[in-house]
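Asker: Sharing coords-v8.cif here; it has mmCIF, C-alpha atoms.
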```cif
data_data
loop_
_atom_site.label_atom_id
_atom_site.label_comp_id
_atom_site.auth_asym_id
_atom_site.auth_seq_id
_atom_site.Cartn_x
_atom_site.Cartn_y
_atom_site.Cartn_z
CA MET A 5 0.00 0.00 0.00
CA ASN A 6 1.33 3.43 -0.94
CA THR A 7 1.03 6.14 1.67
CA ARG A 8 0.85 9.70 0.44
CA TRP A 9 3.37 11.98 2.15
CA LYS A 10 1.85 15.10 3.67
CA PRO A 11 3.69 17.85 5.52
CA SER A 12 2.35 19.09 8.84
CA VAL A 13 1.00 22.63 8.37
CA THR A 14 1.75 25.11 11.14
CA VAL A 15 1.19 28.84 11.62
CA ALA A 16 3.40 31.22 13.60
CA ALA A 17 3.06 34.77 14.88
CA ILE A 18 6.11 37.01 14.60
CA ILE A 19 5.27 39.66 17.18
CA GLU A 20 7.60 42.64 17.63
CA GLN A 21 7.23 45.67 19.88
CA ASN A 22 9.89 48.23 20.72
CA GLY A 23 12.68 46.09 19.30
CA LYS A 24 11.73 42.93 21.20
CA PHE A 25 9.95 39.78 20.03
CA LEU A 26 7.31 37.82 21.93
CA LEU A 27 8.27 34.17 22.40
CA VAL A 28 6.82 31.33 24.42
CA GLU A 29 8.66 28.86 26.60
CA GLU A 30 7.06 25.44 26.30
CA HIS A 31 7.43 21.87 27.47
CA THR A 32 8.60 19.46 24.74
CA PRO A 33 9.91 15.88 24.87
CA GLU A 34 13.37 17.50 24.57
CA GLY A 35 12.78 19.75 27.59
CA LEU A 36 11.85 23.43 27.84
CA LYS A 37 12.16 25.13 24.46
CA LEU A 38 11.58 28.63 23.07
CA ASN A 39 9.32 29.20 20.09
CA ASN A 40 7.28 31.82 18.35
CA PRO A 41 3.62 31.60 19.33
CA ALA A 42 2.77 28.83 16.87
CA GLY A 43 0.84 25.66 16.32
CA HIS A 44 -0.98 23.37 13.95
CA LEU A 45 -3.66 24.55 11.57
CA ASP A 46 -7.05 23.19 12.64
CA PRO A 47 -9.66 21.79 10.24
CA GLY A 48 -12.05 24.41 8.92
CA GLU A 49 -9.88 27.48 9.53
CA SER A 50 -7.85 29.67 7.21
CA LEU A 51 -4.13 30.19 7.76
CA ILE A 52 -4.85 33.70 9.07
CA GLU A 53 -7.54 32.48 11.48
CA GLY A 54 -5.26 29.68 12.69
CA CYS A 55 -2.42 32.09 13.41
CA ALA A 56 -4.69 34.45 15.37
CA ARG A 57 -6.10 31.51 17.37
CA GLU A 58 -2.70 30.00 18.18
CA ALA A 59 -1.24 33.36 19.25
CA LEU A 60 -4.19 34.00 21.58
CA GLU A 61 -4.05 30.47 23.05
CA GLU A 62 -0.31 30.57 23.68
CA THR A 63 0.08 34.18 24.87
CA THR A 64 -3.41 35.22 26.09
CA GLN A 65 -3.03 38.24 23.80
CA PRO A 66 -5.24 38.80 20.75
CA PHE A 67 -3.24 38.94 17.52
CA ARG A 68 -4.35 40.28 14.14
CA PRO A 69 -2.11 39.20 11.26
CA THR A 70 -1.39 42.04 8.82
CA ALA A 71 1.17 40.42 6.50
CA LEU A 72 2.73 37.09 5.62
CA VAL A 73 6.44 37.11 6.48
CA GLY A 74 7.23 33.86 4.73
CA VAL A 75 6.62 30.17 4.19
CA TYR A 76 9.19 27.80 5.66
CA MET A 77 9.73 24.07 5.31
CA SER A 78 11.81 22.13 7.84
CA ARG A 79 12.25 18.55 8.96
CA PHE A 80 12.24 17.23 12.51
CA GLN A 81 13.59 13.78 13.38
CA ARG A 82 13.53 12.03 16.74
CA LEU A 83 15.00 8.57 17.30
CA ALA A 84 12.92 5.92 19.02
CA SER A 85 13.56 5.68 22.75
CA GLY A 86 11.97 3.38 25.29
CA GLU A 87 8.31 3.06 24.36
CA ALA A 88 8.31 6.16 22.15
CA ASP A 89 8.26 5.64 18.40
CA ALA A 90 10.71 7.38 16.11
CA GLU A 91 9.37 10.51 14.43
CA ASP A 92 10.17 12.04 11.06
CA ILE A 93 7.98 15.09 10.42
CA THR A 94 8.24 17.74 7.75
CA TYR A 95 6.69 21.04 8.79
CA LEU A 96 5.33 23.67 6.44
CA ARG A 97 5.21 26.90 8.49
CA PHE A 98 3.33 30.04 7.50
CA ALA A 99 4.66 32.96 9.55
CA PHE A 100 2.70 36.18 9.97
CA CYS A 101 3.45 39.55 11.51
CA GLY A 102 0.72 41.80 12.82
CA VAL A 103 -0.76 43.72 15.69
CA VAL A 104 -0.95 42.30 19.20
CA GLY A 105 -3.38 43.42 21.88
CA GLU A 106 -3.19 43.48 25.65
CA VAL A 107 -3.19 40.34 27.79
CA GLN A 108 -6.78 39.18 28.31
CA ALA A 109 -7.49 38.91 32.02
CA GLY A 110 -8.83 35.54 33.09
CA ARG A 111 -7.30 33.61 30.18
CA SER A 112 -4.79 30.85 30.83
CA LEU A 113 -1.81 29.95 28.71
CA ASP A 114 -2.33 26.89 26.53
CA THR A 115 -1.36 23.47 27.90
CA GLY A 116 2.41 23.05 27.83
CA ILE A 117 3.19 26.76 27.69
CA VAL A 118 5.17 27.79 30.77
CA ARG A 119 5.46 31.52 30.12
CA THR A 120 5.76 34.25 27.54
CA LEU A 121 8.81 36.47 27.28
CA TRP A 122 9.99 39.47 25.27
CA MET A 123 13.51 39.10 23.87
CA THR A 124 15.80 41.23 21.73
CA PRO A 125 17.14 39.80 18.46
CA ASP A 126 20.56 39.36 20.09
CA GLU A 127 19.02 37.46 23.02
CA ILE A 128 17.10 35.25 20.61
CA ARG A 129 20.20 34.46 18.55
CA ALA A 130 22.20 33.74 21.74
CA SER A 131 19.56 31.23 22.89
CA ALA A 132 19.47 29.24 19.61
CA ALA A 133 20.28 25.97 21.40
CA ARG A 134 16.97 26.32 23.28
CA HIS A 135 14.82 26.95 20.18
CA ARG A 136 12.16 24.45 19.23
CA SER A 137 12.96 25.06 15.56
CA THR A 138 15.57 26.77 13.42
CA SER A 139 12.64 28.73 11.99
CA VAL A 140 12.53 30.94 15.11
CA VAL A 141 15.62 32.89 14.01
CA ARG A 142 14.91 32.64 10.29
CA CYS A 143 11.40 34.13 10.66
CA MET A 144 12.74 36.93 12.87
CA ASP A 145 15.55 37.72 10.44
CA ASP A 146 13.14 37.82 7.49
CA TYR A 147 10.86 40.13 9.47
CA LEU A 148 13.78 42.41 10.38
CA ALA A 149 14.83 42.48 6.69
CA GLY A 150 11.36 43.87 5.88
CA GLN A 151 10.05 40.77 4.13
CA ARG A 152 6.26 41.09 3.88
CA TYR A 153 3.62 39.68 1.55
CA PRO A 154 0.04 40.95 1.48
CA LEU A 155 -2.57 38.72 3.08
CA ASN A 156 -4.47 38.54 -0.21
CA PHE A 157 -1.49 36.49 -1.42
CA LEU A 158 -3.28 33.64 0.40
CA TYR A 159 -6.68 32.37 -0.65
CA THR A 160 -8.95 30.10 1.37
CA ASP A 161 -11.79 28.58 -0.60
CA PRO A 162 -15.14 28.72 1.25
CA THR A 163 -15.31 24.92 1.14
CA VAL A 164 -12.59 24.81 3.82
CA ALA A 165 -15.04 26.11 6.42
CA ASP A 166 -17.57 23.42 5.48
CA GLN A 167 -16.99 20.88 8.25
CA GLN A 168 -19.47 18.43 6.71
CA GLY A 169 -17.35 18.32 3.57
CA LEU A 170 -17.72 15.81 0.81
CA ARG A 171 -18.48 12.31 2.05
CA LEU A 172 -17.33 9.53 -0.26
CA GLY A 173 -18.58 5.98 -0.08
#
```
Translate this structure into structure tokens?
Answerer:
Amino acid sequence: MNTRWKPSVTVAAIIEQNGKFLLVEEHTPEGLKLNNPAGHLDPGESLIEGCAREALEETTQPFRPTALVGVYMSRFQRLASGEADAEDITYLRFAFCGVVGEVQAGRSLDTGIVRTLWMTPDEIRASAARHRSTSVVRCMDDYLAGQRYPLNFLYTDPTVADQQGLRLG
């Protein structure tokens, strides 16, 4: 049987204010890691909606994407250990910059997120060994270089929001 290869689609918020970037510190199987507010695209949502949702869940701050910074593909491999299976995942990351709001009182950080922190580009580069992905620095550098694509560069067909979808068989 042939299995079709599919990358794992993720969205990330590149949030900058006053020369510092908002990152999250999160639990991973490799220990505490730093990452942009990011996560997997959920069924039925556009890339823009997914990014706004993930940023809010991970930081408790509303985020409105205003531009696409870039699209990044990377591969993550983890060897099998104990009862854990080996993993080989290719990620396709859509990174957005935008406007962030104030912390929403009463909201909790998403499961696994320990804290949020604001870091300068130099602090982020110096902590590269603690990054969840090499995309953390690459996305920041592309943002700092002024790389921006209009949101209308992305199109989400209305059928995506149709959770009933087409049923075959």
Asker: Could you state which residues are captured by the PyMOL selection byres ((chain A and resi 164) around 8) in this file, as a PyMOL selection string?
Answerer: chain A and resi 47-50+160-163+165-167
Asker: To verify the selection step, state as a VMD selection string which residues the PyMOL selection byres ((chain A and resi 35) around 12) yields on this input.
Answerer: chain A and resid 29 to 34 36 to 38 116 to 118 133 to 136
Asker: Just how far from atom CA of Gln65 of chain A is atom CA of Thr115 of chain A, in Å to one decimal?
Answerer: 15.4 Å
Asker: Just the number, please: distance in Å from atom CA of Val15 of chain A to atom CA of Phe80 of chain A, one decimal.
Answerer: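 It comes out at 16.1 Å.
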Asker: Just the number, please: distance in Å from atom CA of Leu27 of chain A to atom CA of Asp92 of chain A, one decimal.
Answerer: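 Calculated distance between atom CA of Leu27 of chain A and atom CA of Asp92 of chain A is 24.9 Å.
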Asker: Using all atoms listed in the file, which of the listed residues (A:Leu121, A:Leu148, A:Ala71, A:Ala109) sits closest to Gly23 of chain A?
Answerer: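 Result for the nearest residue to Gly23 of chain A: A:Leu148.
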Asker: With distances taken over only C-alpha atoms, which residue among A:Cys143, A:Ala90, A:Val107, A:Ala99 lies nearest Ala17 of chain A?
Answerer: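 Residue with the minimum atom-to-atom distance to Ala17 of chain A: A:Ala99.
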Asker: Within 12 Å of Arg111 of chain A, counting all atoms listed in the file, which residues show up once you throw out same-chain ones fewer than 3 positions away? Write them as a PDB file with C-alpha atoms, in the frame of the given file, please.
Answerer:
```
ATOM      1  CA  LEU A  60      -4.190  34.000  21.580  1.00  0.00           C
ATOM      2  CA  GLU A  61      -4.050  30.470  23.050  1.00  0.00           C
ATOM      3  CA  GLU A  62      -0.310  30.570  23.680  1.00  0.00           C
ATOM      4  CA  THR A  63       0.080  34.180  24.870  1.00  0.00           C
ATOM      5  CA  THR A  64      -3.410  35.220  26.090  1.00  0.00           C
ATOM      6  CA  GLN A  65      -3.030  38.240  23.800  1.00  0.00           C
ATOM      7  CA  PRO A  66      -5.240  38.800  20.750  1.00  0.00           C
ATOM      8  CA  GLU A 106      -3.190  43.480  25.650  1.00  0.00           C
ATOM      9  CA  VAL A 107      -3.190  40.340  27.790  1.00  0.00           C
ATOM     10  CA  GLN A 108      -6.780  39.180  28.310  1.00  0.00           C
ATOM     11  CA  ASP A 114      -2.330  26.890  26.530  1.00  0.00           C
ATOM     12  CA  THR A 115      -1.360  23.470  27.900  1.00  0.00           C
TER      13      THR A 115
END
```
Asker: Closest to Leu51 of chain A among A:Val140, A:Ala16, A:Gln21, A:Met123, using all atoms listed in the file?
Answerer: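 Closest candidate: A:Ala16.
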Asker: Since fewer atoms than expected are present, regenerate all heavy atoms for segment 120-131 of chain A and write them as a PDB file, in the coordinates of the input.
Answerer:
```
ATOM      1  N   THR A 120       5.413  33.450  28.707  1.00  0.00           N
ATOM      2  CA  THR A 120       5.760  34.250  27.540  1.00  0.00           C
ATOM      3  C   THR A 120       6.909  35.158  27.944  1.00  0.00           C
ATOM      4  O   THR A 120       7.078  35.479  29.130  1.00  0.00           O
ATOM      5  CB  THR A 120       4.575  35.117  27.063  1.00  0.00           C
ATOM      6  OG1 THR A 120       4.203  36.020  28.092  1.00  0.00           O
ATOM      7  CG2 THR A 120       3.386  34.241  26.680  1.00  0.00           C
ATOM      8  N   LEU A 121       7.716  35.563  26.992  1.00  0.00           N
ATOM      9  CA  LEU A 121       8.810  36.470  27.280  1.00  0.00           C
ATOM     10  C   LEU A 121       9.151  37.315  26.056  1.00  0.00           C
ATOM     11  O   LEU A 121       8.986  36.871  24.924  1.00  0.00           O
ATOM     12  CB  LEU A 121      10.036  35.739  27.807  1.00  0.00           C
ATOM     13  CG  LEU A 121      10.674  34.633  26.990  1.00  0.00           C
ATOM     14  CD1 LEU A 121      12.077  34.383  27.522  1.00  0.00           C
ATOM     15  CD2 LEU A 121       9.880  33.347  27.118  1.00  0.00           C
ATOM     16  N   TRP A 122       9.568  38.540  26.313  1.00  0.00           N
ATOM     17  CA  TRP A 122       9.990  39.470  25.270  1.00  0.00           C
ATOM     18  C   TRP A 122      11.509  39.448  25.221  1.00  0.00           C
ATOM     19  O   TRP A 122      12.166  39.624  26.249  1.00  0.00           O
ATOM     20  CB  TRP A 122       9.490  40.877  25.565  1.00  0.00           C
ATOM     21  CG  TRP A 122       8.000  41.012  25.429  1.00  0.00           C
ATOM     22  CD1 TRP A 122       7.069  40.881  26.418  1.00  0.00           C
ATOM     23  CD2 TRP A 122       7.278  41.294  24.227  1.00  0.00           C
ATOM     24  NE1 TRP A 122       5.814  41.072  25.900  1.00  0.00           N
ATOM     25  CE2 TRP A 122       5.906  41.333  24.559  1.00  0.00           C
ATOM     26  CE3 TRP A 122       7.648  41.530  22.899  1.00  0.00           C
ATOM     27  CZ2 TRP A 122       4.913  41.590  23.614  1.00  0.00           C
ATOM     28  CZ3 TRP A 122       6.665  41.784  21.963  1.00  0.00           C
ATOM     29  CH2 TRP A 122       5.308  41.806  22.317  1.00  0.00           C
ATOM     30  N   MET A 123      12.052  39.208  24.020  1.00  0.00           N
ATOM     31  CA  MET A 123      13.510  39.100  23.870  1.00  0.00           C
ATOM     32  C   MET A 123      13.979  39.952  22.697  1.00  0.00           C
ATOM     33  O   MET A 123      13.288  40.074  21.684  1.00  0.00           O
ATOM     34  CB  MET A 123      13.901  37.640  23.636  1.00  0.00           C
ATOM     35  CG  MET A 123      13.550  36.714  24.780  1.00  0.00           C
ATOM     36  SD  MET A 123      13.910  34.968  24.426  1.00  0.00           S
ATOM     37  CE  MET A 123      15.695  34.973  24.498  1.00  0.00           C
ATOM     38  N   THR A 124      15.189  40.489  22.825  1.00  0.00           N
ATOM     39  CA  THR A 124      15.800  41.230  21.730  1.00  0.00           C
ATOM     40  C   THR A 124      16.312  40.246  20.684  1.00  0.00           C
ATOM     41  O   THR A 124      16.518  39.055  20.989  1.00  0.00           O
ATOM     42  CB  THR A 124      16.992  42.081  22.226  1.00  0.00           C
ATOM     43  OG1 THR A 124      18.033  41.194  22.654  1.00  0.00           O
ATOM     44  CG2 THR A 124      16.588  43.038  23.341  1.00  0.00           C
ATOM     45  N   PRO A 125      16.557  40.705  19.465  1.00  0.00           N
ATOM     46  CA  PRO A 125      17.140  39.800  18.460  1.00  0.00           C
ATOM     47  C   PRO A 125      18.451  39.170  18.928  1.00  0.00           C
ATOM     48  O   PRO A 125      18.673  37.972  18.688  1.00  0.00           O
ATOM     49  CB  PRO A 125      17.354  40.724  17.250  1.00  0.00           C
ATOM     50  CG  PRO A 125      16.261  41.739  17.374  1.00  0.00           C
ATOM     51  CD  PRO A 125      16.172  41.997  18.871  1.00  0.00           C
ATOM     52  N   ASP A 126      19.304  39.925  19.604  1.00  0.00           N
ATOM     53  CA  ASP A 126      20.560  39.360  20.090  1.00  0.00           C
ATOM     54  C   ASP A 126      20.319  38.263  21.126  1.00  0.00           C
ATOM     55  O   ASP A 126      20.990  37.228  21.131  1.00  0.00           O
ATOM     56  CB  ASP A 126      21.463  40.447  20.673  1.00  0.00           C
ATOM     57  CG  ASP A 126      22.067  41.336  19.593  1.00  0.00           C
ATOM     58  OD1 ASP A 126      22.107  40.926  18.412  1.00  0.00           O
ATOM     59  OD2 ASP A 126      22.510  42.455  19.938  1.00  0.00           O
ATOM     60  N   GLU A 127      19.352  38.479  22.017  1.00  0.00           N
ATOM     61  CA  GLU A 127      19.020  37.460  23.020  1.00  0.00           C
ATOM     62  C   GLU A 127      18.460  36.205  22.350  1.00  0.00           C
ATOM     63  O   GLU A 127      18.773  35.082  22.775  1.00  0.00           O
ATOM     64  CB  GLU A 127      18.012  38.010  24.024  1.00  0.00           C
ATOM     65  CG  GLU A 127      18.567  39.084  24.945  1.00  0.00           C
ATOM     66  CD  GLU A 127      17.497  39.789  25.750  1.00  0.00           C
ATOM     67  OE1 GLU A 127      16.330  39.888  25.294  1.00  0.00           O
ATOM     68  OE2 GLU A 127      17.829  40.279  26.854  1.00  0.00           O
ATOM     69  N   ILE A 128      17.666  36.399  21.329  1.00  0.00           N
ATOM     70  CA  ILE A 128      17.100  35.250  20.610  1.00  0.00           C
ATOM     71  C   ILE A 128      18.204  34.466  19.909  1.00  0.00           C
ATOM     72  O   ILE A 128      18.257  33.237  20.003  1.00  0.00           O
ATOM     73  CB  ILE A 128      16.009  35.710  19.625  1.00  0.00           C
ATOM     74  CG1 ILE A 128      14.790  36.227  20.411  1.00  0.00           C
ATOM     75  CG2 ILE A 128      15.605  34.575  18.676  1.00  0.00           C
ATOM     76  CD1 ILE A 128      13.734  36.911  19.563  1.00  0.00           C
ATOM     77  N   ARG A 129      19.089  35.156  19.230  1.00  0.00           N
ATOM     78  CA  ARG A 129      20.200  34.460  18.550  1.00  0.00           C
ATOM     79  C   ARG A 129      21.093  33.733  19.565  1.00  0.00           C
ATOM     80  O   ARG A 129      21.543  32.623  19.303  1.00  0.00           O
ATOM     81  CB  ARG A 129      21.011  35.459  17.729  1.00  0.00           C
ATOM     82  CG  ARG A 129      20.295  35.913  16.483  1.00  0.00           C
ATOM     83  CD  ARG A 129      21.188  36.801  15.594  1.00  0.00           C
ATOM     84  NE  ARG A 129      20.377  37.402  14.562  1.00  0.00           N
ATOM     85  CZ  ARG A 129      19.840  38.620  14.631  1.00  0.00           C
ATOM     86  NH1 ARG A 129      20.071  39.391  15.685  1.00  0.00           N
ATOM     87  NH2 ARG A 129      19.102  39.075  13.648  1.00  0.00           N
ATOM     88  N   ALA A 130      21.328  34.347  20.717  1.00  0.00           N
ATOM     89  CA  ALA A 130      22.200  33.740  21.740  1.00  0.00           C
ATOM     90  C   ALA A 130      21.565  32.509  22.378  1.00  0.00           C
ATOM     91  O   ALA A 130      22.275  31.680  22.955  1.00  0.00           O
ATOM     92  CB  ALA A 130      22.538  34.776  22.817  1.00  0.00           C
ATOM     93  N   SER A 131      20.250  32.374  22.272  1.00  0.00           N
ATOM     94  CA  SER A 131      19.560  31.230  22.890  1.00  0.00           C
ATOM     95  C   SER A 131      19.183  30.163  21.861  1.00  0.00           C
ATOM     96  O   SER A 131      18.322  29.329  22.131  1.00  0.00           O
ATOM     97  CB  SER A 131      18.306  31.714  23.621  1.00  0.00           C
ATOM     98  OG  SER A 131      17.376  32.257  22.686  1.00  0.00           O
TER      99      SER A 131
END
```
